file start_36.txt (compact mmCIF, C-alpha atoms and all ligand atoms)
# COMPACT_ATOMS: atom_id res chain seq x y z
CA MET U 2 49.74 42.08 126.94
CA PHE U 3 51.89 45.06 127.94
CA GLY U 4 51.60 48.83 127.78
CA ILE U 5 53.62 52.00 127.32
CA ARG U 6 52.50 55.04 129.31
CA ALA U 7 54.23 58.12 127.95
CA GLY U 8 54.00 61.79 128.84
CA ALA U 9 53.72 62.68 125.15
CA ALA U 10 52.51 60.80 122.09
CA PHE U 11 52.53 61.33 118.32
CA ASP U 12 50.00 59.25 116.41
CA GLY U 13 51.59 59.40 112.95
CA GLU U 14 49.94 62.69 112.00
CA ARG U 15 49.75 64.82 115.12
CA ALA U 16 50.48 64.97 118.83
CA ILE U 17 47.97 63.33 121.15
CA PRO U 18 47.37 66.00 123.83
CA GLY U 19 48.48 64.87 127.28
CA GLY U 20 50.27 61.73 126.12
CA ALA U 21 48.86 58.21 125.91
CA LEU U 22 48.75 54.68 127.23
CA VAL U 23 49.45 52.37 124.29
CA LEU U 24 48.49 48.72 124.86
CA VAL U 25 50.09 45.90 122.90
CA ASN U 26 48.87 42.35 122.47
CA GLY U 27 50.37 39.66 120.28
CA GLY U 28 52.28 41.90 117.89
CA HIS U 29 49.45 44.40 117.41
CA ILE U 30 48.30 47.62 119.04
CA ALA U 31 45.39 46.70 121.31
CA GLY U 32 44.57 50.15 122.66
CA VAL U 33 45.46 53.83 122.41
CA GLU U 34 44.04 55.27 125.64
CA PRO U 35 44.35 58.56 127.51
CA ARG U 36 47.52 58.63 129.56
CA ALA U 37 45.59 58.44 132.85
CA ALA U 38 43.59 55.36 131.82
CA ALA U 39 43.80 52.34 134.12
CA ALA U 40 45.90 49.47 132.81
CA PRO U 41 44.20 46.08 132.46
CA ASP U 42 44.83 43.70 135.38
CA GLY U 43 48.27 42.13 135.33
CA CYS U 44 49.41 44.23 132.39
CA GLU U 45 53.08 45.23 132.64
CA ILE U 46 53.55 48.95 131.95
CA LEU U 47 56.65 50.77 130.73
CA GLU U 48 56.36 54.18 132.41
CA VAL U 49 58.00 57.03 130.46
CA PRO U 50 56.75 60.31 131.95
CA ASP U 51 59.47 62.36 130.20
CA GLY U 52 59.26 60.48 126.93
CA THR U 53 57.17 60.19 123.78
CA VAL U 54 55.66 57.13 122.15
CA LEU U 55 55.23 57.19 118.38
CA PRO U 56 54.97 54.72 115.50
CA GLY U 57 58.22 52.99 114.57
CA LEU U 58 60.02 54.96 111.85
CA ILE U 59 60.12 54.04 108.16
CA ASP U 60 63.27 54.83 106.15
CA ALA U 61 62.10 54.89 102.53
CA HIS U 62 65.52 55.04 100.85
CA VAL U 63 68.29 52.76 102.06
CA HIS U 64 71.08 50.63 100.56
CA LEU U 65 71.50 47.74 102.98
CA CYS U 66 74.35 46.23 100.91
CA ALA U 67 76.43 49.37 101.43
CA ASP U 68 78.60 49.58 104.52
CA GLY U 69 78.59 53.34 105.18
CA THR U 70 82.01 54.12 103.72
CA ASP U 71 82.59 56.65 100.91
CA GLY U 72 82.05 55.13 97.45
CA SER U 73 80.54 52.02 98.99
CA LEU U 74 78.05 51.26 96.19
CA ASP U 75 80.63 51.64 93.43
CA ARG U 76 83.32 49.59 95.16
CA ILE U 77 80.88 46.90 96.10
CA GLY U 78 82.74 44.21 94.14
CA GLU U 79 82.05 40.60 94.86
CA PRO U 80 81.96 39.95 98.59
CA SER U 81 81.15 36.33 99.33
CA ALA U 82 77.45 35.60 99.69
CA GLY U 83 77.98 35.19 103.43
CA GLY U 84 79.93 38.44 103.66
CA MET U 85 77.17 40.36 101.90
CA GLN U 86 74.48 38.88 104.12
CA ALA U 87 76.52 39.86 107.21
CA ILE U 88 76.66 43.47 105.96
CA ILE U 89 72.89 43.49 105.37
CA SER U 90 72.19 42.01 108.81
CA HIS U 91 74.40 44.60 110.51
CA SER U 92 72.80 47.45 108.52
CA LEU U 93 69.32 46.31 109.55
CA ARG U 94 70.19 46.04 113.23
CA THR U 95 71.70 49.54 113.17
CA HIS U 96 68.47 50.94 111.70
CA LEU U 97 66.37 49.12 114.29
CA ALA U 98 68.44 50.48 117.17
CA ALA U 99 67.71 54.00 115.87
CA GLY U 100 63.96 53.35 115.90
CA VAL U 101 63.49 52.33 112.27
CA THR U 102 61.09 49.37 112.12
CA THR U 103 60.52 49.34 108.34
CA ILE U 104 63.08 49.72 105.56
CA ARG U 105 62.60 50.34 101.85
CA ASP U 106 65.80 49.21 100.14
CA LEU U 107 66.17 51.06 96.83
CA GLY U 108 69.23 49.39 95.39
CA ASP U 109 70.95 46.17 96.33
CA ARG U 110 73.60 44.18 94.52
CA ARG U 111 72.19 41.37 92.40
CA PHE U 112 69.01 40.95 94.50
CA ALA U 113 70.96 40.25 97.73
CA VAL U 114 68.30 41.95 99.89
CA LEU U 115 65.24 40.15 98.45
CA GLY U 116 65.42 37.21 100.86
CA TRP U 117 65.07 39.61 103.82
CA ARG U 118 61.53 40.57 102.75
CA THR U 119 60.28 37.39 104.41
CA ALA U 120 62.72 37.34 107.37
CA PRO U 121 61.14 37.36 110.86
CA HIS U 122 60.16 40.92 111.78
CA ASP U 123 59.73 40.45 115.50
CA GLY U 124 62.28 42.32 117.57
CA GLY U 125 65.44 41.29 115.74
CA TYR U 126 65.04 43.08 112.41
CA PRO U 127 62.94 45.76 110.76
CA ALA U 128 60.44 44.77 108.07
CA VAL U 129 62.01 45.03 104.60
CA LEU U 130 60.68 46.14 101.22
CA ALA U 131 63.09 45.90 98.29
CA SER U 132 63.60 46.90 94.67
CA GLY U 133 66.58 44.73 93.74
CA PRO U 134 69.32 46.40 91.68
CA PRO U 135 68.30 49.81 90.26
CA ILE U 136 67.75 49.73 86.51
CA THR U 137 70.46 51.92 84.99
CA SER U 138 72.13 52.63 81.64
CA VAL U 139 75.23 50.72 80.52
CA GLY U 140 78.07 52.12 82.64
CA GLY U 141 75.51 54.40 84.29
CA HIS U 142 74.85 55.44 87.88
CA CYS U 143 75.43 52.50 90.23
CA ALA U 144 76.08 50.09 87.34
CA ALA U 145 78.22 48.01 89.75
CA LEU U 146 74.99 46.80 91.34
CA GLY U 147 74.17 44.76 88.24
CA GLY U 148 71.11 46.54 86.81
CA GLU U 149 72.39 47.76 83.41
CA ALA U 150 69.96 47.78 80.47
CA ALA U 151 70.01 49.39 77.01
CA GLY U 152 67.01 50.04 74.79
CA GLU U 153 63.31 49.50 75.32
CA GLU U 154 63.37 45.73 75.00
CA GLN U 155 66.06 45.21 77.64
CA LEU U 156 64.39 47.72 79.93
CA ARG U 157 61.06 45.89 79.73
CA ALA U 158 62.84 42.57 80.33
CA ALA U 159 64.59 44.04 83.39
CA VAL U 160 61.22 45.06 84.84
CA ARG U 161 59.73 41.63 84.14
CA GLU U 162 62.68 39.94 85.86
CA ARG U 163 62.14 42.08 88.96
CA ALA U 164 58.41 41.33 88.98
CA ALA U 165 59.14 37.60 88.72
CA ARG U 166 61.56 37.79 91.64
CA GLY U 167 58.95 39.50 93.81
CA VAL U 168 60.25 43.04 94.28
CA ASP U 169 58.00 45.64 95.95
CA PHE U 170 59.14 48.60 93.83
CA VAL U 171 61.00 49.21 90.57
CA LYS U 172 63.85 51.70 90.96
CA VAL U 173 65.24 53.35 87.84
CA MET U 174 68.12 55.80 87.52
CA ALA U 175 66.67 58.62 85.38
CA SER U 176 69.77 60.82 85.74
CA GLY U 177 73.42 60.28 86.57
CA GLY U 178 74.50 60.48 90.19
CA PHE U 179 77.09 62.03 92.44
CA ALA U 180 78.69 58.76 93.45
CA THR U 181 79.47 57.02 90.16
CA ALA U 182 82.44 58.59 88.37
CA GLY U 183 81.80 59.26 84.69
CA THR U 184 78.04 59.77 85.03
CA GLN U 185 76.48 63.23 84.61
CA VAL U 186 74.13 64.34 87.36
CA MET U 187 72.53 66.93 85.06
CA LEU U 188 71.84 64.56 82.17
CA CYS U 189 69.14 61.96 81.54
CA GLN U 190 70.28 58.35 81.28
CA PHE U 191 67.35 57.27 79.09
CA THR U 192 65.10 58.75 76.43
CA GLN U 193 61.57 59.66 77.43
CA ASP U 194 60.20 56.68 75.46
CA GLU U 195 62.59 54.35 77.27
CA LEU U 196 61.62 55.67 80.69
CA ARG U 197 57.95 55.43 79.74
CA ALA U 198 58.47 51.78 78.80
CA VAL U 199 59.80 51.07 82.31
CA VAL U 200 56.73 52.68 83.87
CA GLU U 201 54.28 50.90 81.53
CA GLU U 202 55.85 47.51 82.10
CA ALA U 203 55.97 47.98 85.89
CA HIS U 204 52.40 49.24 86.13
CA SER U 205 51.13 46.34 84.04
CA ALA U 206 52.80 44.04 86.60
CA GLY U 207 51.17 46.01 89.44
CA LEU U 208 54.46 47.53 90.62
CA PRO U 209 55.13 51.17 91.49
CA VAL U 210 58.16 52.93 89.97
CA THR U 211 60.41 55.37 91.73
CA ALA U 212 63.02 57.28 89.71
CA HIS U 213 66.36 58.66 90.89
CA ALA U 214 66.58 62.17 89.40
CA HIS U 215 68.99 65.02 90.21
CA GLY U 216 69.03 67.11 87.03
CA ARG U 217 65.94 69.17 86.29
CA PRO U 218 65.43 67.52 82.84
CA ALA U 219 65.33 64.08 84.49
CA VAL U 220 62.84 65.26 87.13
CA GLN U 221 60.63 66.68 84.39
CA MET U 222 60.94 63.51 82.30
CA ALA U 223 59.98 61.37 85.30
CA MET U 224 56.89 63.51 85.86
CA ALA U 225 55.98 63.31 82.17
CA VAL U 226 56.03 59.50 82.06
CA GLY U 227 53.96 59.03 85.21
CA VAL U 228 56.32 57.63 87.84
CA ASP U 229 54.94 57.05 91.33
CA GLY U 230 57.95 58.45 93.19
CA ILE U 231 61.05 60.56 92.62
CA GLU U 232 64.22 60.07 94.69
CA HIS U 233 66.34 63.17 95.46
CA CYS U 234 64.25 65.32 93.03
CA SER U 235 66.97 67.96 93.16
CA PHE U 236 65.96 70.13 90.15
CA LEU U 237 69.67 70.79 89.58
CA THR U 238 70.83 73.02 86.74
CA ASP U 239 74.13 74.75 86.02
CA ARG U 240 72.51 77.87 87.48
CA GLY U 241 71.65 76.14 90.74
CA ILE U 242 68.40 74.57 91.89
CA VAL U 243 65.56 75.72 89.61
CA GLN U 244 62.07 74.54 90.54
CA SER U 245 59.29 76.63 89.01
CA ALA U 246 55.83 77.11 90.49
CA GLU U 247 54.55 75.04 87.56
CA ASP U 248 56.95 72.17 88.42
CA LEU U 249 55.73 72.17 92.01
CA ALA U 250 52.07 72.33 91.04
CA ARG U 251 52.54 69.36 88.69
CA LEU U 252 54.32 67.30 91.34
CA ALA U 253 51.63 68.07 93.90
CA ALA U 254 48.71 67.40 91.55
CA ALA U 255 50.15 64.05 90.45
CA GLY U 256 50.61 62.96 94.09
CA ILE U 257 54.16 61.85 93.30
CA ALA U 258 56.02 60.80 96.46
CA VAL U 259 59.22 62.81 96.65
CA CYS U 260 61.99 61.34 98.81
CA PRO U 261 64.56 64.15 99.00
CA THR U 262 67.17 62.16 101.01
CA VAL U 263 68.29 65.31 102.83
CA GLY U 264 70.44 65.29 105.97
CA PHE U 265 74.06 64.34 106.57
CA ALA U 266 76.03 63.12 109.55
CA GLY U 267 78.75 65.75 109.24
CA VAL U 268 80.05 67.52 106.14
CA PRO U 269 80.40 65.20 103.14
CA SER U 270 83.63 64.98 101.16
CA PRO U 271 82.58 65.96 97.62
CA THR U 272 83.02 63.28 94.94
CA SER U 273 84.59 64.36 91.64
CA ASN U 274 81.07 64.65 90.15
CA ALA U 275 79.96 66.83 93.06
CA ARG U 276 83.05 69.05 92.74
CA ALA U 277 82.20 69.65 89.08
CA VAL U 278 78.67 70.74 90.00
CA LEU U 279 79.89 73.01 92.81
CA GLU U 280 82.45 74.63 90.51
CA ARG U 281 79.89 75.32 87.79
CA GLN U 282 77.49 76.84 90.34
CA GLY U 283 80.22 78.70 92.23
CA VAL U 284 79.03 77.51 95.67
CA THR U 285 80.48 75.50 98.55
CA ILE U 286 79.07 72.14 99.55
CA GLU U 287 77.68 73.66 102.76
CA GLN U 288 75.84 76.30 100.69
CA LEU U 289 74.42 73.68 98.31
CA ILE U 290 73.18 71.57 101.24
CA GLU U 291 71.59 74.58 102.93
CA THR U 292 69.90 75.72 99.71
CA ARG U 293 68.57 72.23 99.02
CA GLN U 294 66.99 72.03 102.47
CA ARG U 295 65.15 75.29 101.85
CA ARG U 296 64.05 74.18 98.37
CA VAL U 297 62.68 70.96 99.85
CA GLY U 298 60.75 73.08 102.35
CA GLU U 299 59.23 74.88 99.35
CA LEU U 300 58.11 71.54 97.89
CA HIS U 301 56.28 70.81 101.13
CA ALA U 302 54.72 74.27 101.23
CA ALA U 303 53.44 73.73 97.67
CA GLY U 304 51.64 70.55 98.73
CA VAL U 305 54.11 68.01 97.35
CA ARG U 306 53.96 64.67 99.18
CA LEU U 307 57.31 64.26 100.96
CA VAL U 308 58.58 60.97 102.35
CA SER U 309 61.70 60.64 104.50
CA GLY U 310 64.63 58.54 103.41
CA THR U 311 68.33 58.72 104.07
CA ASP U 312 70.28 57.02 101.24
CA GLY U 313 71.74 55.20 104.25
CA GLY U 314 74.93 53.24 103.65
CA VAL U 315 76.31 55.10 100.63
CA ALA U 316 78.91 57.26 102.37
CA ARG U 317 80.61 58.10 105.65
CA THR U 318 78.13 60.96 106.15
CA LYS U 319 75.20 58.68 105.20
CA PRO U 320 75.43 55.94 107.83
CA HIS U 321 72.67 53.45 108.47
CA GLY U 322 70.37 54.57 111.28
CA MET U 323 70.61 58.31 110.49
CA LEU U 324 66.89 58.82 109.75
CA PRO U 325 66.42 61.26 112.68
CA LEU U 326 68.96 63.55 110.94
CA SER U 327 66.99 63.43 107.67
CA VAL U 328 63.78 64.33 109.50
CA ALA U 329 65.63 67.15 111.28
CA ALA U 330 66.89 68.44 107.92
CA LEU U 331 63.28 68.80 106.75
CA VAL U 332 62.55 70.86 109.86
CA ALA U 333 65.64 72.98 109.13
CA GLY U 334 64.17 73.56 105.65
CA GLY U 335 60.93 74.95 107.08
CA VAL U 336 58.70 71.87 107.50
CA SER U 337 56.81 71.72 110.82
CA THR U 338 57.95 69.06 113.28
CA ALA U 339 54.62 67.18 113.07
CA ALA U 340 54.65 67.17 109.27
CA ALA U 341 58.30 66.08 109.24
CA LEU U 342 57.54 63.23 111.65
CA ALA U 343 54.63 62.19 109.40
CA THR U 344 57.01 61.85 106.43
CA ALA U 345 58.79 59.09 108.40
CA THR U 346 55.61 57.43 109.77
CA SER U 347 52.11 57.73 108.29
CA VAL U 348 53.03 59.19 104.90
CA ALA U 349 55.90 56.74 104.46
CA ALA U 350 53.58 53.85 105.31
CA GLN U 351 51.12 54.96 102.63
CA VAL U 352 53.86 55.44 100.04
CA CYS U 353 55.20 51.96 100.84
CA GLY U 354 51.74 50.39 100.47
CA LEU U 355 51.58 49.62 104.21
CA GLY U 356 49.08 52.30 105.24
CA ASP U 357 46.57 49.71 106.48
CA ARG U 358 48.91 48.31 109.15
CA LYS U 359 51.90 50.57 109.83
CA GLY U 360 52.72 54.23 110.41
CA TRP U 361 49.98 55.13 112.93
CA LEU U 362 49.17 54.50 116.57
CA ARG U 363 45.89 52.73 115.83
CA VAL U 364 44.15 49.71 117.29
CA GLY U 365 44.84 46.65 115.13
CA TYR U 366 47.97 48.11 113.56
CA ASP U 367 51.35 46.38 113.89
CA ALA U 368 52.97 47.17 117.25
CA ASP U 369 56.01 48.81 115.64
CA LEU U 370 56.75 51.45 118.26
CA LEU U 371 59.46 53.91 119.20
CA VAL U 372 59.86 55.54 122.61
CA VAL U 373 62.21 58.52 122.78
CA GLN U 374 63.47 60.77 125.54
CA GLY U 375 61.78 64.18 125.31
CA ASP U 376 59.18 65.31 122.78
CA PRO U 377 60.13 65.47 119.07
CA VAL U 378 57.07 67.59 118.27
CA ALA U 379 58.44 70.26 120.63
CA GLY U 380 62.06 69.82 119.47
CA ILE U 381 63.00 67.44 116.66
CA ALA U 382 66.39 66.52 118.20
CA ALA U 383 64.49 64.26 120.63
CA LEU U 384 63.90 61.85 117.74
CA GLY U 385 67.59 60.93 117.97
CA ARG U 386 67.28 59.85 121.63
CA PRO U 387 65.66 56.38 121.49
CA LEU U 388 64.80 54.69 124.79
CA ALA U 389 63.00 51.60 123.47
CA VAL U 390 62.09 50.13 120.10
CA PHE U 391 59.46 47.46 119.45
CA ALA U 392 59.06 45.51 116.21
CA ARG U 393 55.75 43.63 116.00
CA GLY U 394 55.42 43.97 119.76
CA ARG U 395 58.83 42.57 120.65
CA ARG U 396 61.42 44.83 122.16
CA ALA U 397 64.71 45.27 120.31
CA ALA U 398 67.35 44.17 122.76
CA ASP U 399 70.26 46.45 122.06
CA LEU U 400 70.21 50.19 121.44
CA ARG U 401 73.96 50.70 121.77
CA SER U 402 74.74 50.90 118.05
CA ALA U 403 72.34 53.84 117.72
CA ARG U 404 74.84 56.06 119.43
ZN ZN U 501 70.22 55.81 96.79

call {"tool": "encode", "arguments": {"input": "start_36.txt", "output": "structure tokens", "more": "lines below"}}
Ligand SMILES: [Zn+2]
result
Amino acid sequence: MFGIRAGAAFDGERAIPGGALVLVNGGHIAGVEPRAAAAPDGCEILEVPDGTVLPGLIDAHVHLCADGTDGSLDRIGEPSAGGMQAIISHSLRTHLAAGVTTIRDLGDRRFAVLGWRTAPHDGGYPAVLASGPPITSVGGHCAALGGEAAGEEQLRAAVRERAARGVDFVKVMASGGFATAGTQVMLCQFTQDELRAVVEEAHSAGLPVTAHAHGRPAVQMAMAVGVDGIEHCSFLTDRGIVQSAEDLARLAAAGIAVCPTVGFAGVPSPTSNARAVLERQGVTIEQLIETRQRRVGELHAAGVRLVSGTDGGVARTKPHGMLPLSVAALVAGGVSTAAALATATSVAAQVCGLGDRKGWLRVGYDADLLVVQGDPVAGIAALGRPLAVFARGRRAADLRSAR
């Protein structure tokens, strides 16, 4: 048994006044005590008077196969099996060093991530949930990942293949994307009947569906067919971001998990698709990013369930391990620090189907823990200052790559 005594604590939903003593035994949380509580005899204690203990973070939108260079997913080509596994391993370790103890991979190449779902999650790697290749149209967004399908029959077969391989989620590209040249971010990639077929087939196999959607028509189509989650959910139109009160009320009432993938490490270089959107709207990329953050804040204010995710790996400004920047972007958009932290802990755990064992400081829960310098509830930048990370009670050895 060991313990962490921290001057501040966040339990997954709110700050614990005065901090806490968190006890760990055999991979699980054995106690969440007042900070001044006596430690059990012989129990080693990590003392962090100027730090905060909180649940390990969950990044709900990652591409472990991508190496964090611009155009990574579209250039992904055919690295050797060993080369691809080395990229995935490095991506995972980078997340862990930043305090991320659970990953939801929403798009690998030809199921390369699936084997990591059962890898040891004990100090070396985060826990992994995976979707396999996103289902997309022929030549559509991220087609290079191997998930192309045309027509209802092929779409249903693609879902059945994923179910048979043991995915945790089905990811479908409802609109085009910024990264893949030739796709249209404003347009839907499937008809409403086709998208509904994906949802029906997945739900009959007991799998949730999350849909990538930038254009407003694709967001509305995803809502209409009953998806469980929407990635990006940008409500883009040629006139800018248009999200009506009715759109927000529908999203909130349906309990759809929206993963807005906000936050960048620096200013992104616009792709040709992004330049076309910026030109039509007459705005700069900085203005579009700033507006999106505020619009995402409006989603939260309207009661929409937000979950944090980074799109980590897809570009130079989307490196693995950047989740603290995505959480900070929510705060910049008007979300409170506690609510923003919840999107990366308790809410993310629920959305990922792990709410009974991850995402909270609770007795019996997995000892996935992050200790940071300072207090992220008081100032969100502290989330980017990890001091120690524990996965299933074992300390991650090396935090260097977080910096
Ligand atoms: Zn993505």

call {"tool": "residues_near_ligand", "arguments": {"input": "start_36.txt", "ligand": "ligand ZN 501 (chain U)", "cutoff": "8 Å", "atoms": "all atoms listed in the file", "output": "PyMOL selection string"}}
result
chain U and resi 62-64+107-108+213+232+312-313+315

call {"tool": "write_last_selection", "arguments": {"input": "start_36.txt", "atoms": "C-alpha atoms", "output": "PDB file, in the frame of the given file"}}
result
ATOM      1  CA  HIS U  62      65.520  55.040 100.850  1.00  0.00           C
ATOM      2  CA  VAL U  63      68.290  52.760 102.060  1.00  0.00           C
ATOM      3  CA  HIS U  64      71.080  50.630 100.560  1.00  0.00           C
ATOM      4  CA  LEU U 107      66.170  51.060  96.830  1.00  0.00           C
ATOM      5  CA  GLY U 108      69.230  49.390  95.390  1.00  0.00           C
ATOM      6  CA  HIS U 213      66.360  58.660  90.890  1.00  0.00           C
ATOM      7  CA  GLU U 232      64.220  60.070  94.690  1.00  0.00           C
ATOM      8  CA  ASP U 312      70.280  57.020 101.240  1.00  0.00           C
ATOM      9  CA  GLY U 313      71.740  55.200 104.250  1.00  0.00           C
ATOM     10  CA  VAL U 315      76.310  55.100 100.630  1.00  0.00           C
TER      11      VAL U 315
END

call {"tool": "closest_residue", "arguments": {"input": "start_36.txt", "among": "U:Leu55, U:Leu388, U:Ala120, U:Ala10", "to": "Ala368 in chain U", "atoms": "only C-alpha atoms"}}
result
U:Leu55

call {"tool": "closest_residue", "arguments": {"input": "start_36.txt", "among": "U:Ser132, U:Ser309, U:Ser235, U:Ser73", "to": "Cys260 in chain U", "atoms": "all atoms listed in the file"}}
result
U:Ser309

call {"tool": "closest_residue", "arguments": {"input": "start_36.txt", "among": "U:Ala341, U:Ile257, U:Leu156, U:Ala99", "to": "Ala198 in chain U", "atoms": "only C-alpha atoms"}}
result
U:Leu156

call {"tool": "residues_around", "arguments": {"input": "start_36.txt", "residues": "Val263 in chain U", "least_positions_apart": "6", "cutoff": "7 Å", "atoms": "all atoms listed in the file", "output": "VMD selection string"}}
result
chain U and resid 294 311 327 330

call {"tool": "residues_near_point", "arguments": {"input": "start_36.txt", "point": "(56.5, 49.6, 107.4)", "cutoff": "8 Å", "atoms": "all atoms listed in the file", "output": "PyMOL selection string"}}
result
chain U and resi 58-59+102-104+128-129+349-350+353+355+358-360

call {"tool": "residues_around", "arguments": {"input": "start_36.txt", "residues": "Gly256 in chain U", "least_positions_apart": "6", "cutoff": "9 Å", "atoms": "all atoms listed in the file", "output": "VMD selection string"}}
result
chain U and resid 229 to 230 304 to 306

call {"tool": "residues_near_point", "arguments": {"input": "start_36.txt", "point": "(60.9, 41.3, 118.8)", "cutoff": "7 Å", "atoms": "all atoms listed in the file", "output": "PDB file with C-alpha atoms, in the frame of the given file"}}
result
ATOM      1  CA  ASP U 123      59.730  40.450 115.500  1.00  0.00           C
ATOM      2  CA  GLY U 124      62.280  42.320 117.570  1.00  0.00           C
ATOM      3  CA  GLY U 125      65.440  41.290 115.740  1.00  0.00           C
ATOM      4  CA  PHE U 391      59.460  47.460 119.450  1.00  0.00           C
ATOM      5  CA  ALA U 392      59.060  45.510 116.210  1.00  0.00           C
ATOM      6  CA  ARG U 393      55.750  43.630 116.000  1.00  0.00           C
ATOM      7  CA  GLY U 394      55.420  43.970 119.760  1.00  0.00           C
ATOM      8  CA  ARG U 395      58.830  42.570 120.650  1.00  0.00           C
ATOM      9  CA  ARG U 396      61.420  44.830 122.160  1.00  0.00           C
ATOM     10  CA  ALA U 397      64.710  45.270 120.310  1.00  0.00           C
TER      11      ALA U 397
END

call {"tool": "closest_residue", "arguments": {"input": "start_36.txt", "among": "U:Met323, U:Cys189, U:Ala16, U:Ala38", "to": "Ala379 in chain U", "atoms": "all atoms listed in the file"}}
result
U:Ala16

call {"tool": "closest_atom_pairs", "arguments": {"input": "start_36.txt", "of": "range 129-158 of chain U", "to": "range 163-167 of chain U", "cutoff": "9 Å", "atoms": "all atoms listed in the file", "output": "tab-separated table"}}
result
residue	atom	partner	partner_atom	distance
U:Ala131	CA	U:Gly167	CA	8.8
U:Ser132	CA	U:Arg163	CA	7.6
U:Gly133	CA	U:Arg163	CA	7.0
U:Pro134	CA	U:Arg163	CA	8.8
U:Ala158	CA	U:Arg163	CA	8.7

call {"tool": "closest_residue", "arguments": {"input": "start_36.txt", "among": "U:His122, U:Arg110, U:Arg105, U:Arg217", "to": "Ser81 in chain U", "atoms": "all atoms listed in the file"}}
result
U:Arg110

call {"tool": "atom_distance", "arguments": {"input": "start_36.txt", "atom1": "CA of Glu45 in chain U", "atom2": "CA of Ile30 in chain U"}}
result
14.6 Å

call {"tool": "atom_distance", "arguments": {"input": "start_36.txt", "atom1": "CA of Met224 in chain U", "atom2": "CA of Leu188 in chain U"}}
result
15.4 Å

call {"tool": "atom_distance", "arguments": {"input": "start_36.txt", "atom1": "CA of Leu307 in chain U", "atom2": "CA of Cys66 in chain U"}}
result
24.8 Å

call {"tool": "residues_around", "arguments": {"input": "start_36.txt", "residues": "Glu202 in chain U", "least_positions_apart": "6", "cutoff": "8 Å", "atoms": "only C-alpha atoms", "output": "NGL selection string"}}
result
:U and (157 or 160-161)

call {"tool": "decode", "arguments": {"input": "start_36.txt", "residues": "range 81-110 of chain U", "atoms": "C-alpha atoms", "output": "PDB file, in the first residue's frame"}}
result
ATOM      1  CA  SER U  81       6.001  -2.334 -41.716  1.00  0.00           C
ATOM      2  CA  ALA U  82       3.919  -3.968 -39.001  1.00  0.00           C
ATOM      3  CA  GLY U  83       6.817  -3.444 -36.590  1.00  0.00           C
ATOM      4  CA  GLY U  84       7.198   0.192 -37.611  1.00  0.00           C
ATOM      5  CA  MET U  85       3.519   0.876 -36.998  1.00  0.00           C
ATOM      6  CA  GLN U  86       3.589  -0.810 -33.601  1.00  0.00           C
ATOM      7  CA  ALA U  87       6.632   1.300 -32.645  1.00  0.00           C
ATOM      8  CA  ILE U  88       4.704   4.484 -33.529  1.00  0.00           C
ATOM      9  CA  ILE U  89       1.714   3.340 -31.448  1.00  0.00           C
ATOM     10  CA  SER U  90       3.932   2.449 -28.480  1.00  0.00           C
ATOM     11  CA  HIS U  91       5.662   5.839 -28.598  1.00  0.00           C
ATOM     12  CA  SER U  92       2.317   7.670 -28.904  1.00  0.00           C
ATOM     13  CA  LEU U  93       0.960   5.847 -25.850  1.00  0.00           C
ATOM     14  CA  ARG U  94       4.008   6.584 -23.708  1.00  0.00           C
ATOM     15  CA  THR U  95       3.815  10.276 -24.635  1.00  0.00           C
ATOM     16  CA  HIS U  96       0.168  10.397 -23.513  1.00  0.00           C
ATOM     17  CA  LEU U  97       0.994   8.633 -20.258  1.00  0.00           C
ATOM     18  CA  ALA U  98       3.798  11.067 -19.457  1.00  0.00           C
ATOM     19  CA  ALA U  99       1.265  13.914 -19.806  1.00  0.00           C
ATOM     20  CA  GLY U 100      -1.077  12.269 -17.293  1.00  0.00           C
ATOM     21  CA  VAL U 101      -3.376  10.440 -19.713  1.00  0.00           C
ATOM     22  CA  THR U 102      -4.119   6.973 -18.329  1.00  0.00           C
ATOM     23  CA  THR U 103      -6.914   6.014 -20.745  1.00  0.00           C
ATOM     24  CA  ILE U 104      -7.053   6.522 -24.514  1.00  0.00           C
ATOM     25  CA  ARG U 105      -9.968   6.210 -26.920  1.00  0.00           C
ATOM     26  CA  ASP U 106      -8.461   5.691 -30.375  1.00  0.00           C
ATOM     27  CA  LEU U 107     -10.953   6.861 -33.016  1.00  0.00           C
ATOM     28  CA  GLY U 108      -9.197   5.838 -36.188  1.00  0.00           C
ATOM     29  CA  ASP U 109      -6.308   3.482 -36.758  1.00  0.00           C
ATOM     30  CA  ARG U 110      -4.964   1.979 -39.949  1.00  0.00           C
TER      31      ARG U 110
END
